[in-house]
$ cat structure04.cif   # mmCIF, C-alpha atoms
data_upload
loop_
_atom_site.group_PDB
_atom_site.id
_atom_site.type_symbol
_atom_site.label_atom_id
_atom_site.label_comp_id
_atom_site.auth_asym_id
_atom_site.auth_seq_id
_atom_site.Cartn_x
_atom_site.Cartn_y
_atom_site.Cartn_z
ATOM 1 C CA GLN A 1 0.000 0.000 0.000
ATOM 2 C CA VAL A 2 1.456 3.337 -1.114
ATOM 3 C CA GLN A 3 0.791 6.504 0.854
ATOM 4 C CA LEU A 4 1.276 9.947 -0.672
ATOM 5 C CA VAL A 5 1.429 13.122 1.398
ATOM 6 C CA GLU A 6 1.483 16.517 -0.304
ATOM 7 C CA SER A 7 2.698 19.743 1.249
ATOM 8 C CA GLY A 8 3.733 23.239 0.219
ATOM 9 C CA GLY A 9 0.454 24.763 -0.858
ATOM 10 C CA GLY A 10 -0.686 28.187 0.249
ATOM 11 C CA LEU A 11 -1.728 31.672 -0.746
ATOM 12 C CA VAL A 12 0.489 33.628 -3.114
ATOM 13 C CA GLN A 13 0.144 36.730 -5.236
ATOM 14 C CA ALA A 14 0.095 36.528 -9.010
ATOM 15 C CA GLY A 15 3.620 36.289 -10.352
ATOM 16 C CA GLY A 16 4.847 34.510 -7.238
ATOM 17 C CA SER A 17 6.210 31.018 -6.729
ATOM 18 C CA LEU A 18 5.464 27.931 -4.688
ATOM 19 C CA ARG A 19 7.046 24.524 -4.453
ATOM 20 C CA LEU A 20 4.873 21.526 -3.764
ATOM 21 C CA SER A 21 6.249 18.298 -2.350
ATOM 22 C CA CYS A 22 4.813 14.802 -2.395
ATOM 23 C CA ALA A 23 6.386 12.239 -0.101
ATOM 24 C CA ALA A 24 5.714 8.604 -0.958
ATOM 25 C CA SER A 25 5.943 5.724 1.480
ATOM 26 C CA GLY A 26 5.007 2.075 1.563
ATOM 27 C CA SER A 27 6.490 1.075 -1.791
ATOM 28 C CA ARG A 28 9.088 -1.649 -1.764
ATOM 29 C CA PHE A 29 10.444 -0.649 -5.149
ATOM 30 C CA SER A 30 10.826 2.648 -6.966
ATOM 31 C CA ILE A 31 7.578 4.097 -8.277
ATOM 32 C CA ASN A 32 7.889 4.408 -12.034
ATOM 33 C CA VAL A 33 5.411 7.158 -12.907
ATOM 34 C CA MET A 34 4.402 10.044 -10.688
ATOM 35 C CA ARG A 35 2.096 12.869 -11.645
ATOM 36 C CA TRP A 36 0.626 16.094 -10.374
ATOM 37 C CA TYR A 37 -3.018 16.859 -11.065
ATOM 38 C CA ARG A 38 -5.123 19.837 -10.083
ATOM 39 C CA GLN A 39 -8.805 20.445 -9.599
ATOM 40 C CA ALA A 40 -10.422 23.867 -9.486
ATOM 41 C CA PRO A 41 -13.856 24.319 -7.886
ATOM 42 C CA GLY A 42 -16.587 22.940 -10.103
ATOM 43 C CA LYS A 43 -14.137 21.594 -12.657
ATOM 44 C CA GLN A 44 -12.677 18.210 -13.505
ATOM 45 C CA ARG A 45 -9.311 17.031 -12.261
ATOM 46 C CA ASP A 46 -6.658 17.839 -14.862
ATOM 47 C CA LEU A 47 -3.184 16.444 -15.407
ATOM 48 C CA VAL A 48 -0.481 19.048 -14.807
ATOM 49 C CA ALA A 49 2.843 17.239 -15.033
ATOM 50 C CA THR A 50 4.347 13.750 -15.264
ATOM 51 C CA ILE A 51 7.761 12.350 -14.401
ATOM 52 C CA THR A 52 9.066 8.832 -14.914
ATOM 53 C CA SER A 53 11.754 6.947 -13.036
ATOM 54 C CA GLY A 54 14.097 7.862 -15.885
ATOM 55 C CA ASP A 55 13.338 11.563 -15.307
ATOM 56 C CA SER A 56 11.370 11.948 -18.503
ATOM 57 C CA THR A 57 8.875 14.783 -18.023
ATOM 58 C CA ASN A 58 5.719 16.043 -19.651
ATOM 59 C CA TYR A 59 3.567 19.100 -18.975
ATOM 60 C CA ALA A 60 0.144 20.464 -19.709
ATOM 61 C CA ASP A 61 0.310 23.291 -22.231
ATOM 62 C CA SER A 62 -1.089 25.713 -19.657
ATOM 63 C CA VAL A 63 1.945 25.320 -17.369
ATOM 64 C CA LYS A 64 4.808 24.747 -19.819
ATOM 65 C CA GLY A 65 7.696 27.085 -19.138
ATOM 66 C CA ARG A 66 6.352 27.990 -15.685
ATOM 67 C CA PHE A 67 6.197 24.684 -13.775
ATOM 68 C CA THR A 68 8.933 22.120 -13.281
ATOM 69 C CA ILE A 69 8.437 18.602 -11.971
ATOM 70 C CA SER A 70 11.347 16.756 -10.406
ATOM 71 C CA ARG A 71 11.977 13.834 -8.123
ATOM 72 C CA ASP A 72 14.429 12.699 -5.482
ATOM 73 C CA ASN A 73 14.439 8.923 -5.556
ATOM 74 C CA ALA A 74 16.534 8.669 -2.404
ATOM 75 C CA LYS A 75 13.802 10.524 -0.516
ATOM 76 C CA ASN A 76 10.883 9.020 -2.474
ATOM 77 C CA THR A 77 9.684 12.548 -3.062
ATOM 78 C CA VAL A 78 8.408 14.362 -6.127
ATOM 79 C CA TYR A 79 8.303 18.127 -6.391
ATOM 80 C CA LEU A 80 6.419 20.684 -8.432
ATOM 81 C CA GLN A 81 8.136 24.054 -8.700
ATOM 82 C CA MET A 82 5.554 26.612 -9.784
ATOM 83 C CA ASN A 83 6.741 30.003 -10.996
ATOM 84 C CA SER A 84 4.938 32.993 -12.513
ATOM 85 C CA LEU A 85 1.729 31.838 -10.904
ATOM 86 C CA LYS A 86 -1.575 33.091 -12.268
ATOM 87 C CA PRO A 87 -5.021 33.305 -10.654
ATOM 88 C CA GLU A 88 -6.155 30.507 -12.982
ATOM 89 C CA ASP A 89 -3.623 28.203 -11.304
ATOM 90 C CA THR A 90 -5.803 28.283 -8.195
ATOM 91 C CA ALA A 91 -6.832 24.706 -7.409
ATOM 92 C CA VAL A 92 -6.308 21.762 -5.143
ATOM 93 C CA TYR A 93 -3.166 19.978 -6.313
ATOM 94 C CA PHE A 94 -2.992 16.205 -6.037
ATOM 95 C CA CYS A 95 -0.049 13.857 -6.244
ATOM 96 C CA ASN A 96 -0.605 10.605 -8.094
ATOM 97 C CA ALA A 97 1.457 7.434 -8.341
ATOM 98 C CA ILE A 98 1.035 4.309 -10.405
ATOM 99 C CA TYR A 99 2.609 1.329 -8.695
ATOM 100 C CA TYR A 100 2.143 -2.227 -9.925
ATOM 101 C CA SER A 101 -0.852 -1.049 -11.981
ATOM 102 C CA GLN A 102 -2.557 0.426 -8.917
ATOM 103 C CA ASN A 103 -3.486 4.107 -8.825
ATOM 104 C CA TYR A 104 -2.707 6.026 -5.630
ATOM 105 C CA TRP A 105 -3.650 9.577 -4.655
ATOM 106 C CA GLY A 106 -2.621 12.014 -1.992
ATOM 107 C CA GLN A 107 -5.100 14.088 -0.017
ATOM 108 C CA GLY A 108 -4.362 17.256 -1.970
ATOM 109 C CA THR A 109 -2.935 20.650 -1.103
ATOM 110 C CA GLN A 110 -4.655 23.968 -1.790
ATOM 111 C CA VAL A 111 -2.944 26.566 -3.961
ATOM 112 C CA THR A 112 -4.577 29.977 -4.130
ATOM 113 C CA VAL A 113 -3.222 32.725 -6.376
ATOM 114 C CA SER A 114 -4.570 36.203 -5.772
ATOM 115 C CA SER A 115 -4.668 38.858 -8.483
#

$ encode --input "structure04.cif" --output "structure tokens"
Amino acid sequence: QVQLVESGGGLVQAGGSLRLSCAASGSRFSINVMRWYRQAPGKQRDLVATITSGDSTNYADSVKGRFTISRDNAKNTVYLQMNSLKPEDTAVYFCNAIYYSQNYWGQGTQVTVSS
């Protein structure tokens, strides 16, 4: 059973930065694919960024050039560095891991960007 715990959310002004962290525990082996999703009020949950165990990354068009996903395998932690934040980035951000074909989610962390 994999547990994911996000942290680092908060309130920031437009143009500011935040770094989210997602600490994974309970996996015996390295988790291959980890992702960040976000969900704004009344909207569906959208994929933001993906990173593989080989450090291959992919981003939603809306965050390309502003967000960076990275991982520290020694700490079983994945990060999302968010720069040049916009009010439309306001959402609950969720960490996601796929481990042995099972889908795991964290509890989410709120990011609010004020204009």

$ resolve_selection --input "structure04.cif" --expression "the PyMOL selection byres ((chain A and resi 86-98) around 8)" --output "NGL selection string"
:A and (4-6 or 14-15 or 22 or 31-41 or 84-85 or 99-115)

$ resolve_selection --input "structure04.cif" --expression "the PyMOL selection byres ((chain A and resi 72) around 12)" --output "ChimeraX atom specification"
/A:21-24,30-31,34,51-55,69-71,73-80

$ closest_residue --input "structure04.cif" --among "A:Asn83, A:Thr50, A:Lys43, A:Lys64" --to "Gln13 (chain A)" --atoms "only C-alpha atoms"
A:Asn83

$ residues_around --input "structure04.cif" --residues "Ser27 (chain A)" --least-positions-apart "6" --cutoff "9 Å" --atoms "only C-alpha atoms" --output "compact mmCIF listing (two decimals) with C-alpha atoms, in the coordinates of the input"
# COMPACT_ATOMS: atom_id res chain seq x y z
CA GLN A 1 0.00 0.00 0.00
CA VAL A 2 1.46 3.34 -1.11
CA GLN A 3 0.79 6.50 0.85
CA TYR A 99 2.61 1.33 -8.70

$ atom_distance --input "structure04.cif" --atom1 "CA of Val48 (chain A)" --atom2 "CA of Leu18 (chain A)"
14.7 Å

$ axis_aligned_box --input "structure04.cif" --around "region 12-15 of chain A" --padding-each-side "4 Å" --output "lines of an AutoDock Vina configuration file"
center_x = 1.9
center_y = 35.2
center_z = -6.7
size_x = 11.5
size_y = 11.1
size_z = 15.2

$ atom_distance --input "structure04.cif" --atom1 "CA of Gly42 (chain A)" --atom2 "CA of Arg66 (chain A)"
24.1 Å

$ atom_distance --input "structure04.cif" --atom1 "CA of Ser62 (chain A)" --atom2 "CA of Arg45 (chain A)"
14.1 Å

$ residues_around --input "structure04.cif" --residues "Arg19 (chain A)" --least-positions-apart "3" --cutoff "6 Å" --atoms "all atoms listed in the file" --output "PyMOL selection string"
chain A and resi 8+80-82

$ decode --input "structure04.cif" --residues "region 86-97 of chain A" --atoms "N, CA, C and O atoms" --output "PDB file, in the first residue's frame"
ATOM      1  N   LYS A  86      -0.445  32.299 -11.796  1.00  0.00           N
ATOM      2  CA  LYS A  86      -1.575  33.091 -12.268  1.00  0.00           C
ATOM      3  C   LYS A  86      -2.812  32.728 -11.454  1.00  0.00           C
ATOM      4  O   LYS A  86      -2.904  31.615 -10.921  1.00  0.00           O
ATOM      5  N   PRO A  87      -3.784  33.631 -11.381  1.00  0.00           N
ATOM      6  CA  PRO A  87      -5.021  33.305 -10.654  1.00  0.00           C
ATOM      7  C   PRO A  87      -5.671  32.018 -11.163  1.00  0.00           C
ATOM      8  O   PRO A  87      -6.260  31.276 -10.365  1.00  0.00           O
ATOM      9  N   GLU A  88      -5.551  31.736 -12.436  1.00  0.00           N
ATOM     10  CA  GLU A  88      -6.155  30.507 -12.982  1.00  0.00           C
ATOM     11  C   GLU A  88      -5.422  29.237 -12.561  1.00  0.00           C
ATOM     12  O   GLU A  88      -5.892  28.135 -12.852  1.00  0.00           O
ATOM     13  N   ASP A  89      -4.300  29.373 -11.873  1.00  0.00           N
ATOM     14  CA  ASP A  89      -3.623  28.203 -11.304  1.00  0.00           C
ATOM     15  C   ASP A  89      -4.232  27.796  -9.971  1.00  0.00           C
ATOM     16  O   ASP A  89      -3.859  26.757  -9.408  1.00  0.00           O
ATOM     17  N   THR A  90      -5.156  28.596  -9.464  1.00  0.00           N
ATOM     18  CA  THR A  90      -5.803  28.283  -8.195  1.00  0.00           C
ATOM     19  C   THR A  90      -6.552  26.960  -8.293  1.00  0.00           C
ATOM     20  O   THR A  90      -7.385  26.775  -9.185  1.00  0.00           O
ATOM     21  N   ALA A  91      -6.230  26.041  -7.391  1.00  0.00           N
ATOM     22  CA  ALA A  91      -6.832  24.706  -7.409  1.00  0.00           C
ATOM     23  C   ALA A  91      -6.303  23.910  -6.227  1.00  0.00           C
ATOM     24  O   ALA A  91      -5.363  24.341  -5.549  1.00  0.00           O
ATOM     25  N   VAL A  92      -6.902  22.756  -6.023  1.00  0.00           N
ATOM     26  CA  VAL A  92      -6.308  21.762  -5.143  1.00  0.00           C
ATOM     27  C   VAL A  92      -5.394  20.890  -5.997  1.00  0.00           C
ATOM     28  O   VAL A  92      -5.821  20.380  -7.039  1.00  0.00           O
ATOM     29  N   TYR A  93      -4.157  20.746  -5.566  1.00  0.00           N
ATOM     30  CA  TYR A  93      -3.166  19.978  -6.313  1.00  0.00           C
ATOM     31  C   TYR A  93      -2.996  18.604  -5.659  1.00  0.00           C
ATOM     32  O   TYR A  93      -2.788  18.513  -4.437  1.00  0.00           O
ATOM     33  N   PHE A  94      -3.069  17.585  -6.507  1.00  0.00           N
ATOM     34  CA  PHE A  94      -2.992  16.205  -6.037  1.00  0.00           C
ATOM     35  C   PHE A  94      -1.788  15.503  -6.630  1.00  0.00           C
ATOM     36  O   PHE A  94      -1.503  15.620  -7.827  1.00  0.00           O
ATOM     37  N   CYS A  95      -1.133  14.725  -5.797  1.00  0.00           N
ATOM     38  CA  CYS A  95      -0.049  13.857  -6.244  1.00  0.00           C
ATOM     39  C   CYS A  95      -0.639  12.498  -6.593  1.00  0.00           C
ATOM     40  O   CYS A  95      -1.557  12.015  -5.913  1.00  0.00           O
ATOM     41  N   ASN A  96      -0.107  11.900  -7.630  1.00  0.00           N
ATOM     42  CA  ASN A  96      -0.605  10.605  -8.094  1.00  0.00           C
ATOM     43  C   ASN A  96       0.565   9.688  -8.412  1.00  0.00           C
ATOM     44  O   ASN A  96       1.571  10.124  -8.971  1.00  0.00           O
ATOM     45  N   ALA A  97       0.421   8.421  -8.033  1.00  0.00           N
ATOM     46  CA  ALA A  97       1.457   7.434  -8.341  1.00  0.00           C
ATOM     47  C   ALA A  97       0.811   6.178  -8.903  1.00  0.00           C
ATOM     48  O   ALA A  97      -0.262   5.772  -8.455  1.00  0.00           O
TER      49      ALA A  97
END
